[in-house]
>>> print(open('target17.tsv').read())   # TSV, C-alpha atoms
chain	number	residue	atom	x	y	z
V	4	MET	CA	128.90	69.36	93.53
V	5	GLU	CA	126.65	69.56	96.57
V	6	LEU	CA	126.18	72.92	98.25
V	7	SER	CA	126.13	73.10	102.03
V	8	ARG	CA	122.90	72.50	103.91
V	9	ARG	CA	123.45	75.90	105.46
V	10	VAL	CA	123.19	77.84	102.20
V	11	GLN	CA	120.36	75.65	100.92
V	12	ALA	CA	118.33	76.49	104.03
V	13	ILE	CA	118.24	80.23	103.29
V	14	LYS	CA	117.03	82.38	100.43
V	15	GLU	CA	118.35	85.39	98.60
V	16	SER	CA	117.37	88.71	100.19
V	17	PRO	CA	113.92	89.36	98.67
V	18	THR	CA	114.27	93.14	98.74
V	19	LEU	CA	117.58	93.01	96.85
V	20	ALA	CA	116.12	90.46	94.43
V	21	VAL	CA	113.12	92.68	93.63
V	22	THR	CA	115.40	95.68	93.10
V	23	ALA	CA	117.69	93.66	90.81
V	24	ARG	CA	114.74	92.35	88.78
V	25	ALA	CA	113.34	95.85	88.34
V	26	ALA	CA	116.77	97.08	87.22
V	27	ARG	CA	117.03	94.28	84.65
V	28	LEU	CA	113.63	95.07	83.18
V	29	LYS	CA	114.49	98.76	83.06
V	30	ALA	CA	117.74	97.96	81.25
V	31	GLU	CA	115.68	96.03	78.70
V	32	GLY	CA	113.73	99.19	77.95
V	33	ARG	CA	110.66	98.61	80.14
V	34	ASP	CA	109.08	101.59	81.88
V	35	ILE	CA	109.60	100.45	85.48
V	36	ILE	CA	109.20	102.34	88.75
V	37	GLY	CA	111.09	100.56	91.52
V	38	LEU	CA	109.68	100.95	95.02
V	39	GLY	CA	111.64	98.08	96.53
V	40	ALA	CA	114.94	99.56	97.63
V	41	GLY	CA	115.18	100.74	101.23
V	42	GLU	CA	117.55	103.63	100.76
V	43	PRO	CA	117.12	107.41	100.82
V	44	ASP	CA	117.06	109.09	97.41
V	45	PHE	CA	119.15	111.98	98.76
V	46	ASP	CA	122.87	112.41	98.23
V	47	THR	CA	125.26	111.92	101.15
V	48	PRO	CA	125.70	115.34	102.83
V	49	GLN	CA	128.65	117.31	101.48
V	50	HIS	CA	130.66	117.57	104.72
V	51	ILE	CA	130.66	113.78	104.97
V	52	LYS	CA	131.90	113.39	101.39
V	53	ASP	CA	134.55	116.04	102.02
V	54	ALA	CA	135.87	114.08	105.01
V	55	ALA	CA	136.17	110.98	102.83
V	56	LYS	CA	138.01	112.88	100.09
V	57	LYS	CA	140.41	114.27	102.66
V	58	ALA	CA	141.05	110.75	103.97
V	59	ILE	CA	141.92	109.56	100.47
V	60	ASP	CA	144.19	112.52	99.77
V	61	SER	CA	146.00	112.09	103.07
V	62	GLY	CA	146.66	108.42	102.34
V	63	PHE	CA	144.31	106.96	104.93
V	64	THR	CA	143.84	103.86	102.78
V	65	LYS	CA	145.48	101.07	104.81
V	66	TYR	CA	144.22	98.47	107.25
V	67	THR	CA	142.66	99.76	110.44
V	68	PRO	CA	141.88	97.98	113.73
V	69	VAL	CA	139.31	95.27	113.08
V	70	ALA	CA	136.65	96.74	115.37
V	71	GLY	CA	136.99	100.29	114.00
V	72	ILE	CA	139.25	103.31	114.16
V	73	PRO	CA	139.55	104.96	117.59
V	74	GLY	CA	138.01	108.24	116.39
V	75	LEU	CA	134.88	106.57	115.07
V	76	LYS	CA	134.47	104.36	118.13
V	77	LYS	CA	134.71	107.43	120.36
V	78	ALA	CA	132.15	109.21	118.16
V	79	ILE	CA	129.79	106.24	118.61
V	80	VAL	CA	130.31	106.25	122.40
V	81	ASP	CA	129.60	110.00	122.43
V	82	LYS	CA	126.52	109.55	120.23
V	83	PHE	CA	125.05	106.96	122.60
V	84	LYS	CA	125.65	109.24	125.58
V	85	ARG	CA	124.36	112.40	123.90
V	86	GLU	CA	121.30	111.03	122.13
V	87	ASN	CA	120.30	107.94	124.09
V	88	GLY	CA	121.69	108.41	127.59
V	89	PHE	CA	123.75	105.19	127.40
V	90	ASP	CA	127.21	104.86	128.95
V	91	TYR	CA	129.56	102.64	126.94
V	92	THR	CA	133.32	102.35	126.71
V	93	THR	CA	135.12	101.87	123.42
V	94	ASN	CA	135.71	98.16	124.13
V	95	GLU	CA	131.91	97.78	124.27
V	96	VAL	CA	131.54	99.10	120.70
V	97	ILE	CA	132.26	97.53	117.31
V	98	VAL	CA	132.05	98.92	113.78
V	99	GLY	CA	130.92	96.56	111.03
V	100	VAL	CA	130.56	96.47	107.27
V	101	GLY	CA	126.99	97.70	107.46
V	102	GLY	CA	124.41	96.97	110.11
V	103	LYS	CA	123.79	93.57	108.53
V	104	GLN	CA	127.30	92.35	109.33
V	105	CYS	CA	126.91	93.39	112.96
V	106	ILE	CA	123.69	91.34	113.19
V	107	PHE	CA	125.33	88.40	111.40
V	108	ASN	CA	128.33	88.46	113.72
V	109	LEU	CA	126.08	88.77	116.76
V	110	ALA	CA	124.12	85.68	115.75
V	111	LEU	CA	127.27	83.65	115.12
V	112	ALA	CA	128.77	84.84	118.41
V	113	VAL	CA	125.88	83.87	120.71
V	114	LEU	CA	123.79	81.17	119.01
V	115	ASP	CA	124.28	77.41	118.93
V	116	ALA	CA	122.38	74.66	117.16
V	117	GLY	CA	118.93	74.28	118.67
V	118	ASP	CA	118.77	77.75	120.21
V	119	GLU	CA	115.60	79.69	119.51
V	120	VAL	CA	115.42	83.27	118.25
V	121	ILE	CA	112.16	85.19	118.72
V	122	VAL	CA	111.33	87.34	115.70
V	123	PRO	CA	108.11	89.39	115.64
V	124	ALA	CA	106.55	89.52	112.18
V	125	PRO	CA	106.46	91.50	110.00
V	126	TYR	CA	110.26	91.46	110.29
V	127	TRP	CA	113.27	92.71	108.38
V	128	VAL	CA	113.98	90.04	105.79
V	129	SER	CA	117.36	88.90	107.13
V	130	TYR	CA	116.66	88.18	110.81
V	131	ALA	CA	115.26	84.70	110.27
V	132	ASP	CA	117.80	83.63	107.66
V	133	ILE	CA	120.73	84.87	109.73
V	134	ALA	CA	119.44	82.80	112.66
V	135	ILE	CA	119.26	79.77	110.36
V	136	VAL	CA	122.86	80.28	109.20
V	137	ALA	CA	123.82	80.19	112.89
V	138	GLU	CA	121.95	76.84	113.11
V	139	ALA	CA	119.35	78.34	115.41
V	140	ASN	CA	115.58	78.14	115.01
V	141	PRO	CA	113.68	81.37	114.27
V	142	VAL	CA	110.40	81.54	116.19
V	143	ILE	CA	108.11	83.83	114.21
V	144	ILE	CA	105.30	85.61	116.06
V	145	GLU	CA	102.61	87.11	113.85
V	146	CYS	CA	101.73	90.71	114.73
V	147	GLY	CA	99.22	91.89	112.14
V	148	ILE	CA	97.74	95.25	111.25
V	149	GLU	CA	95.00	94.66	113.87
V	150	GLN	CA	97.63	95.25	116.59
V	151	ASP	CA	99.55	97.95	114.71
V	152	PHE	CA	102.21	95.37	113.79
V	153	LYS	CA	103.50	95.36	117.38
V	154	LEU	CA	104.26	92.42	119.67
V	155	THR	CA	102.28	92.16	122.90
V	156	PRO	CA	103.76	91.08	126.25
V	157	ALA	CA	101.43	88.05	126.28
V	158	GLN	CA	102.74	86.93	122.88
V	159	LEU	CA	106.34	87.35	124.03
V	160	GLU	CA	105.74	85.41	127.25
V	161	ALA	CA	104.06	82.58	125.36
V	162	ALA	CA	106.94	82.31	122.88
V	163	ILE	CA	109.76	82.02	125.43
V	164	THR	CA	110.94	78.47	126.12
V	165	PRO	CA	114.01	76.99	127.83
V	166	ASN	CA	115.67	77.10	124.39
V	167	THR	CA	115.10	80.82	123.80
V	168	LYS	CA	118.45	82.60	123.48
V	169	LEU	CA	117.81	85.83	121.55
V	170	PHE	CA	114.95	88.27	121.00
V	171	PHE	CA	114.94	90.77	118.13
V	172	ILE	CA	113.06	94.06	118.29
V	173	ASN	CA	113.11	96.67	115.53
V	174	SER	CA	111.55	100.07	116.18
V	175	PRO	CA	110.99	102.05	113.98
V	176	SER	CA	110.24	98.92	112.00
V	177	ASN	CA	111.26	97.80	108.57
V	178	PRO	CA	108.88	97.02	106.84
V	179	THR	CA	105.93	98.59	108.69
V	180	GLY	CA	107.25	101.84	110.17
V	181	SER	CA	105.58	100.97	113.48
V	182	VAL	CA	107.13	102.48	116.60
V	183	TYR	CA	106.75	101.14	120.15
V	184	THR	CA	105.97	103.61	122.92
V	185	ARG	CA	108.04	103.71	126.10
V	186	GLU	CA	105.16	102.06	127.96
V	187	GLU	CA	104.91	99.23	125.42
V	188	LEU	CA	108.67	98.66	125.56
V	189	ARG	CA	108.61	98.64	129.36
V	190	ALA	CA	105.90	95.98	129.32
V	191	LEU	CA	108.01	93.80	127.01
V	192	GLY	CA	111.05	94.46	129.19
V	193	GLU	CA	109.24	93.28	132.30
V	194	VAL	CA	108.58	89.95	130.57
V	195	LEU	CA	112.24	89.64	129.61
V	196	MET	CA	113.42	90.39	133.15
V	197	LYS	CA	111.75	87.15	134.22
V	198	HIS	CA	113.95	85.22	131.76
V	199	PRO	CA	117.60	86.14	132.47
V	200	ARG	CA	119.00	83.74	129.84
V	201	VAL	CA	117.41	85.65	126.94
V	202	LEU	CA	119.59	88.18	125.12
V	203	VAL	CA	117.99	91.23	123.52
V	204	ALA	CA	118.96	92.75	120.16
V	205	THR	CA	117.42	96.16	119.50
V	206	ASP	CA	117.82	97.22	115.88
V	207	ASP	CA	117.63	101.01	115.85
V	208	MET	CA	118.74	101.62	112.24
V	209	TYR	CA	115.78	103.96	111.60
V	210	GLU	CA	116.18	105.90	114.86
V	211	HIS	CA	116.54	109.25	113.09
V	212	VAL	CA	113.92	108.66	110.40
V	213	ASN	CA	111.26	109.99	112.74
V	214	LEU	CA	107.91	110.83	111.10
V	215	THR	CA	106.08	112.15	114.17
V	216	GLY	CA	108.58	114.17	116.17
V	217	THR	CA	108.01	112.00	119.24
V	218	PRO	CA	111.36	111.46	121.03
V	219	PHE	CA	113.00	108.15	120.16
V	220	VAL	CA	113.20	105.43	122.81
V	221	ASN	CA	114.32	101.83	122.61
V	222	ILE	CA	113.83	98.92	124.98
V	223	LEU	CA	116.99	99.76	126.91
V	224	ASN	CA	115.68	103.26	127.62
V	225	ALA	CA	112.47	101.74	128.91
V	226	THR	CA	114.13	98.90	130.84
V	227	PRO	CA	117.70	99.87	131.82
V	228	GLU	CA	117.91	96.70	133.91
V	229	LEU	CA	118.47	94.77	130.67
V	230	LYS	CA	121.75	96.49	129.81
V	231	ASP	CA	124.00	93.56	130.71
V	232	ARG	CA	122.29	91.41	128.06
V	233	THR	CA	121.21	93.91	125.42
V	234	ILE	CA	123.02	94.63	122.16
V	235	VAL	CA	122.14	97.96	120.53
V	236	LEU	CA	122.47	97.89	116.73
V	237	ASN	CA	122.60	100.97	114.54
V	238	GLY	CA	124.43	102.56	111.63
V	239	VAL	CA	124.79	105.58	109.38
V	240	SER	CA	123.06	104.19	106.27
V	241	LYS	CA	119.54	105.55	106.67
V	242	ALA	CA	119.98	108.73	108.71
V	243	TYR	CA	122.77	110.17	106.56
V	244	SER	CA	121.92	108.57	103.21
V	245	MET	CA	125.08	106.44	103.32
V	246	THR	CA	123.77	103.01	102.33
V	247	GLY	CA	126.63	102.27	99.95
V	248	TRP	CA	129.32	103.33	102.42
V	249	ARG	CA	128.54	100.17	104.44
V	250	ILE	CA	129.05	101.25	108.04
V	251	GLY	CA	127.03	99.82	110.90
V	252	TYR	CA	127.86	99.58	114.57
V	253	ALA	CA	126.84	97.79	117.73
V	254	ALA	CA	127.26	98.29	121.46
V	255	GLY	CA	126.79	95.81	124.27
V	256	PRO	CA	128.52	93.62	126.84
V	257	ALA	CA	132.29	93.62	126.22
V	258	ARG	CA	132.49	89.82	126.05
V	259	ILE	CA	129.93	89.64	123.24
V	260	ILE	CA	131.47	92.58	121.38
V	261	LYS	CA	134.90	90.90	121.57
V	262	ALA	CA	133.43	87.67	120.18
V	263	MET	CA	131.96	89.65	117.27
V	264	GLU	CA	135.38	91.20	116.68
V	265	ILE	CA	137.02	87.76	116.54
V	266	LEU	CA	134.52	86.65	113.90
V	267	GLN	CA	135.04	89.84	111.93
V	268	SER	CA	138.81	89.35	112.04
V	269	GLN	CA	138.32	86.07	110.18
V	270	SER	CA	135.85	87.40	107.61
V	271	THR	CA	136.13	90.99	106.36
V	272	SER	CA	138.71	92.34	108.81
V	273	ASN	CA	138.16	96.08	109.21
V	274	PRO	CA	135.42	98.11	107.51
V	275	THR	CA	136.70	100.36	104.72
V	276	SER	CA	139.06	102.96	106.18
V	277	ILE	CA	137.61	105.82	104.12
V	278	SER	CA	134.02	104.96	105.02
V	279	GLN	CA	134.94	104.96	108.70
V	280	VAL	CA	136.25	108.51	108.44
V	281	ALA	CA	133.06	109.54	106.65
V	282	ALA	CA	130.92	107.90	109.36
V	283	GLN	CA	132.86	109.73	112.06
V	284	ALA	CA	132.16	113.03	110.26
V	285	ALA	CA	128.47	112.09	110.09
V	286	LEU	CA	128.17	111.39	113.82
V	287	GLU	CA	130.27	114.38	114.92
V	288	GLY	CA	128.99	116.91	112.39
V	289	ASP	CA	125.95	119.16	112.19
V	290	GLN	CA	122.88	116.93	112.57
V	291	GLY	CA	120.79	119.50	110.75
V	292	CYS	CA	121.70	117.70	107.53
V	293	ILE	CA	119.00	115.15	108.41
V	294	ASP	CA	116.18	117.74	108.48
V	295	PRO	CA	115.58	118.15	104.71
V	296	MET	CA	115.27	114.38	104.33
V	297	LEU	CA	112.82	114.16	107.23
V	298	LYS	CA	110.68	116.96	105.80
V	299	ALA	CA	110.42	115.14	102.49
V	300	PHE	CA	109.75	111.74	104.08
V	301	ARG	CA	106.94	113.17	106.21
V	302	GLU	CA	105.24	114.76	103.20
V	303	ARG	CA	105.56	111.59	101.14
V	304	HIS	CA	104.29	109.46	104.01
V	305	GLU	CA	101.10	111.48	104.35
V	306	PHE	CA	100.52	111.32	100.60
V	307	VAL	CA	101.13	107.58	100.27
V	308	VAL	CA	98.98	106.51	103.22
V	309	LYS	CA	96.07	108.68	102.04
V	310	ARG	CA	96.26	107.32	98.49
V	311	PHE	CA	96.46	103.68	99.55
V	312	ASN	CA	93.43	104.02	101.79
V	313	GLU	CA	91.45	105.39	98.83
V	314	MET	CA	92.21	102.33	96.70
V	315	PRO	CA	89.86	99.34	96.53
V	316	GLY	CA	90.94	96.43	98.71
V	317	LEU	CA	93.82	98.16	100.52
V	318	LYS	CA	94.22	99.32	104.12
V	319	CYS	CA	97.29	101.24	105.27
V	320	ILE	CA	98.00	102.62	108.74
V	321	LYS	CA	100.25	105.56	109.46
V	322	ALA	CA	103.88	104.88	110.35
V	323	GLY	CA	105.84	106.41	113.18
V	324	GLY	CA	109.22	106.11	111.52
V	325	ALA	CA	111.27	104.74	108.61
V	326	PHE	CA	110.26	105.38	104.99
V	327	TYR	CA	107.96	102.48	104.17
V	328	ALA	CA	104.26	101.87	103.73
V	329	PHE	CA	102.94	98.36	104.35
V	330	PRO	CA	99.34	98.09	103.15
V	331	ASP	CA	97.11	95.13	103.89
V	332	ALA	CA	96.16	93.88	100.42
V	333	ARG	CA	94.25	90.72	101.34
V	334	PRO	CA	90.85	91.95	100.07
V	335	ALA	CA	92.44	93.23	96.85
V	336	ILE	CA	94.25	89.93	96.31
V	337	ALA	CA	91.03	87.96	96.81
V	338	ARG	CA	89.17	90.17	94.34
V	339	LEU	CA	91.89	89.99	91.67
V	340	HIS	CA	92.05	86.22	92.05
V	341	ALA	CA	88.28	85.87	91.78
V	342	ALA	CA	88.36	87.99	88.62
V	343	GLY	CA	91.04	85.76	87.12
V	344	LYS	CA	93.67	88.50	86.96
V	345	ILE	CA	96.10	86.59	89.19
V	346	LYS	CA	96.41	82.80	89.21
V	347	GLU	CA	97.02	82.42	92.92
V	348	ALA	CA	95.59	84.40	95.84
V	349	THR	CA	99.02	85.39	97.20
V	350	ASP	CA	101.01	88.56	97.68
V	351	LEU	CA	103.72	87.14	95.41
V	352	ALA	CA	101.18	86.83	92.60
V	353	LEU	CA	100.06	90.40	93.31
V	354	SER	CA	103.60	91.77	93.15
V	355	ASP	CA	104.23	89.91	89.87
V	356	TYR	CA	100.96	91.29	88.50
V	357	LEU	CA	101.88	94.88	89.41
V	358	LEU	CA	105.32	94.54	87.86
V	359	GLU	CA	104.16	92.90	84.64
V	360	THR	CA	100.98	94.90	83.99
V	361	VAL	CA	101.78	98.41	85.20
V	362	GLY	CA	105.56	98.33	85.73
V	363	VAL	CA	105.68	98.95	89.49
V	364	ALA	CA	108.07	96.90	91.63
V	365	VAL	CA	106.95	96.26	95.22
V	366	VAL	CA	108.11	93.69	97.78
V	367	PRO	CA	105.56	91.03	98.77
V	368	GLY	CA	104.71	90.92	102.45
V	369	SER	CA	105.56	87.22	102.69
V	370	ALA	CA	109.22	88.23	102.38
V	371	PHE	CA	108.74	89.85	105.79
V	372	GLY	CA	106.73	87.00	107.27
V	373	ALA	CA	103.36	88.63	106.51
V	374	GLU	CA	101.40	87.02	103.68
V	375	GLY	CA	98.80	89.28	102.07
V	376	TYR	CA	100.64	92.59	102.43
V	377	PHE	CA	103.22	94.41	100.34
V	378	ARG	CA	105.88	97.00	101.08
V	379	ILE	CA	106.79	100.10	99.18
V	380	SER	CA	109.59	102.50	99.97
V	381	PHE	CA	108.68	106.17	99.70
V	382	ALA	CA	112.35	107.12	99.66
V	383	THR	CA	111.89	108.31	96.09
V	384	SER	CA	110.60	111.47	94.46
V	385	MET	CA	107.03	112.63	94.82
V	386	GLU	CA	106.74	112.47	91.03
V	387	ASN	CA	107.69	108.79	91.07
V	388	LEU	CA	105.27	108.11	93.91
V	389	ARG	CA	102.35	109.85	92.17
V	390	ASN	CA	103.03	107.94	88.97
V	391	ALA	CA	103.50	104.61	90.74
V	392	LEU	CA	100.39	104.92	92.90
V	393	ASP	CA	98.31	105.96	89.89
V	394	ARG	CA	99.46	102.77	88.20
V	395	ILE	CA	98.73	100.61	91.26
V	396	GLU	CA	95.24	102.11	91.51
V	397	GLN	CA	94.68	101.38	87.83
V	398	ALA	CA	95.80	97.77	88.31
V	399	LEU	CA	93.47	97.28	91.30
V	400	SER	CA	90.42	98.96	89.75
>>> encode(input="target17.tsv", output="structure tokens")
Amino acid sequence: MELSRRVQAIKESPTLAVTARAARLKAEGRDIIGLGAGEPDFDTPQHIKDAAKKAIDSGFTKYTPVAGIPGLKKAIVDKFKRENGFDYTTNEVIVGVGGKQCIFNLALAVLDAGDEVIVPAPYWVSYADIAIVAEANPVIIECGIEQDFKLTPAQLEAAITPNTKLFFINSPSNPTGSVYTREELRALGEVLMKHPRVLVATDDMYEHVNLTGTPFVNILNATPELKDRTIVLNGVSKAYSMTGWRIGYAAGPARIIKAMEILQSQSTSNPTSISQVAAQAALEGDQGCIDPMLKAFRERHEFVVKRFNEMPGLKCIKAGGAFYAFPDARPAIARLHAAGKIKEATDLALSDYLLETVGVAVVPGSAFGAEGYFRISFATSMENLRNALDRIEQALS
């Protein structure tokens, strides 16, 4: 039986695949430290869990409106006003089964065959494949460590063609942790204002995982003139350690949001009723619950960057947000290949080498469109990080 061309054109999520492989080896008795998964190692705050328990006990276990319960949609509208200065109505907001579904539905709602989607690299692993599922063409723009992993206005201008339909920007970035300044975002926005056909998707999932204390801004803050063609994507997974609850949300022009709702009505229908109540409690509750996580992430970030820069053949720049480090390993890869320790001079060979020889699972940079790098998540204990980085240093020495 032939599978569809659509599914044959994409690959399994590399980050999930690495995590699954590490789990299998661990189950077989191997001493494995997994640094692949992008999820906080903290428990969901108690008041959020209590809200979910109350929802179960009160029988709130039936279908809800497809686009989200009214209370959660209002909480999202209020969040955007309070924290970002954006004015939305509830019909300009949709709740999805995780941020990934919102992005998937957005792509299917606005893209046709032959449309082009601009994706700065390194990029979150799913942007390009989601565009391909929508029969669009991802246009990857390389933004290496030399430019702090950030797209320049000149690069954006050069990439836009008559076929360009959608532009993705992710700040703080997964996998690099890079954060655009207001001035940098304004410069990109001025390019986009010259091309009114191009829609903008700003993925703000790591908004609250702020490693510097600098106030968060996205491209819509910097260029409010883009509001009628910008979709703001976010969720509760990272800020509130709710990855498994699967609640993301999006806000944007009502016509696009309605199209996303129609698609959702034919796929998952509503997000889980109980998770929606929990997400509402997260957005409406005391935001101080984020502080202990941020304190830990900042300490781990400083430790990891310092250690990587002390290792032979690695270079790692500081992140502004998220909980990832993305070292440039090209010199280390070349040296290991020359010494015969890895068969090919690739980041995939390096990640296999680290897993097999010292039991550390990392995600190769090529999964994010950046050959020669690798990503680790420091959303794990300091003990795990010390042990893992000792092993990586041993493998590279």
>>> closest_residue(input="target17.tsv", among="V:Leu214, V:Ile234, V:Ala364, V:Val280", to="Pro73 in chain V", atoms="all atoms listed in the file")
V:Val280
>>> residues_near_point(input="target17.tsv", point="(111.9, 105.0, 83.8)", cutoff="12 Å", atoms="only C-alpha atoms", output="VMD selection string")
chain V and resid 25 to 37 362 to 364 386 to 387 390 to 391
>>> write_last_selection(input="target17.tsv", atoms="C-alpha atoms", output="mmCIF file, in the coordinates of the input")
data_model
loop_
_atom_site.group_PDB
_atom_site.id
_atom_site.type_symbol
_atom_site.label_atom_id
_atom_site.label_comp_id
_atom_site.auth_asym_id
_atom_site.auth_seq_id
_atom_site.Cartn_x
_atom_site.Cartn_y
_atom_site.Cartn_z
ATOM 1 C CA ALA V 25 113.340 95.850 88.340
ATOM 2 C CA ALA V 26 116.770 97.080 87.220
ATOM 3 C CA ARG V 27 117.030 94.280 84.650
ATOM 4 C CA LEU V 28 113.630 95.070 83.180
ATOM 5 C CA LYS V 29 114.490 98.760 83.060
ATOM 6 C CA ALA V 30 117.740 97.960 81.250
ATOM 7 C CA GLU V 31 115.680 96.030 78.700
ATOM 8 C CA GLY V 32 113.730 99.190 77.950
ATOM 9 C CA ARG V 33 110.660 98.610 80.140
ATOM 10 C CA ASP V 34 109.080 101.590 81.880
ATOM 11 C CA ILE V 35 109.600 100.450 85.480
ATOM 12 C CA ILE V 36 109.200 102.340 88.750
ATOM 13 C CA GLY V 37 111.090 100.560 91.520
ATOM 14 C CA GLY V 362 105.560 98.330 85.730
ATOM 15 C CA VAL V 363 105.680 98.950 89.490
ATOM 16 C CA ALA V 364 108.070 96.900 91.630
ATOM 17 C CA GLU V 386 106.740 112.470 91.030
ATOM 18 C CA ASN V 387 107.690 108.790 91.070
ATOM 19 C CA ASN V 390 103.030 107.940 88.970
ATOM 20 C CA ALA V 391 103.500 104.610 90.740
#
>>> atom_distance(input="target17.tsv", atom1="CA of Leu317 in chain V", atom2="CA of Ala337 in chain V")
11.2 Å
>>> residues_around(input="target17.tsv", residues="Leu38 in chain V", least_positions_apart="3", cutoff="12 Å", atoms="only C-alpha atoms", output="VMD selection string")
chain V and resid 18 to 19 21 to 26 35 41 to 44 326 to 329 354 357 to 358 362 to 367 377 to 385 387 to 392 395
>>> closest_residue(input="target17.tsv", among="V:Leu75, V:Ala204, V:Val212, V:Ala70", to="Glu287 in chain V", atoms="only C-alpha atoms")
V:Leu75
>>> atom_distance(input="target17.tsv", atom1="CA of Pro218 in chain V", atom2="CA of Ser174 in chain V")
12.4 Å
>>> closest_residue(input="target17.tsv", among="V:Lys14, V:Lys346, V:Arg310, V:Lys241", to="Asn213 in chain V", atoms="all atoms listed in the file")
V:Lys241
>>> atom_distance(input="target17.tsv", atom1="CA of Leu266 in chain V", atom2="CA of Glu138 in chain V")
16.0 Å
>>> closest_atom_pairs(input="target17.tsv", of="range 136-155 of chain V", to="range 99-111 of chain V", cutoff="12 Å", atoms="all atoms listed in the file", output="CSV")
residue,atom,partner,partner_atom,distance
V:Val136,CA,V:Leu111,CA,8.1
V:Ala137,CA,V:Leu111,CA,5.4
V:Glu138,CA,V:Leu111,CA,8.9
V:Ala139,CA,V:Ala110,CA,8.8
V:Asn140,CA,V:Ala110,CA,11.4
V:Pro141,CA,V:Ala110,CA,11.4
>>> closest_residue(input="target17.tsv", among="V:Ser61, V:Thr226, V:Gln150, V:Thr47", to="Val239 in chain V", atoms="only C-alpha atoms")
V:Thr47
>>> closest_residue(input="target17.tsv", among="V:Thr246, V:Asn273, V:Gln283, V:Thr179", to="Thr67 in chain V", atoms="all atoms listed in the file")
V:Asn273
>>> closest_residue(input="target17.tsv", among="V:Ser181, V:Ser276, V:Thr64, V:Ser176", to="Val98 in chain V", atoms="all atoms listed in the file")
V:Ser276
>>> residues_around(input="target17.tsv", residues="Leu223 in chain V", least_positions_apart="5", cutoff="9 Å", atoms="all atoms listed in the file", output="NGL selection string")
:V and (89 or 188-189 or 192 or 205 or 228-230 or 233 or 235)
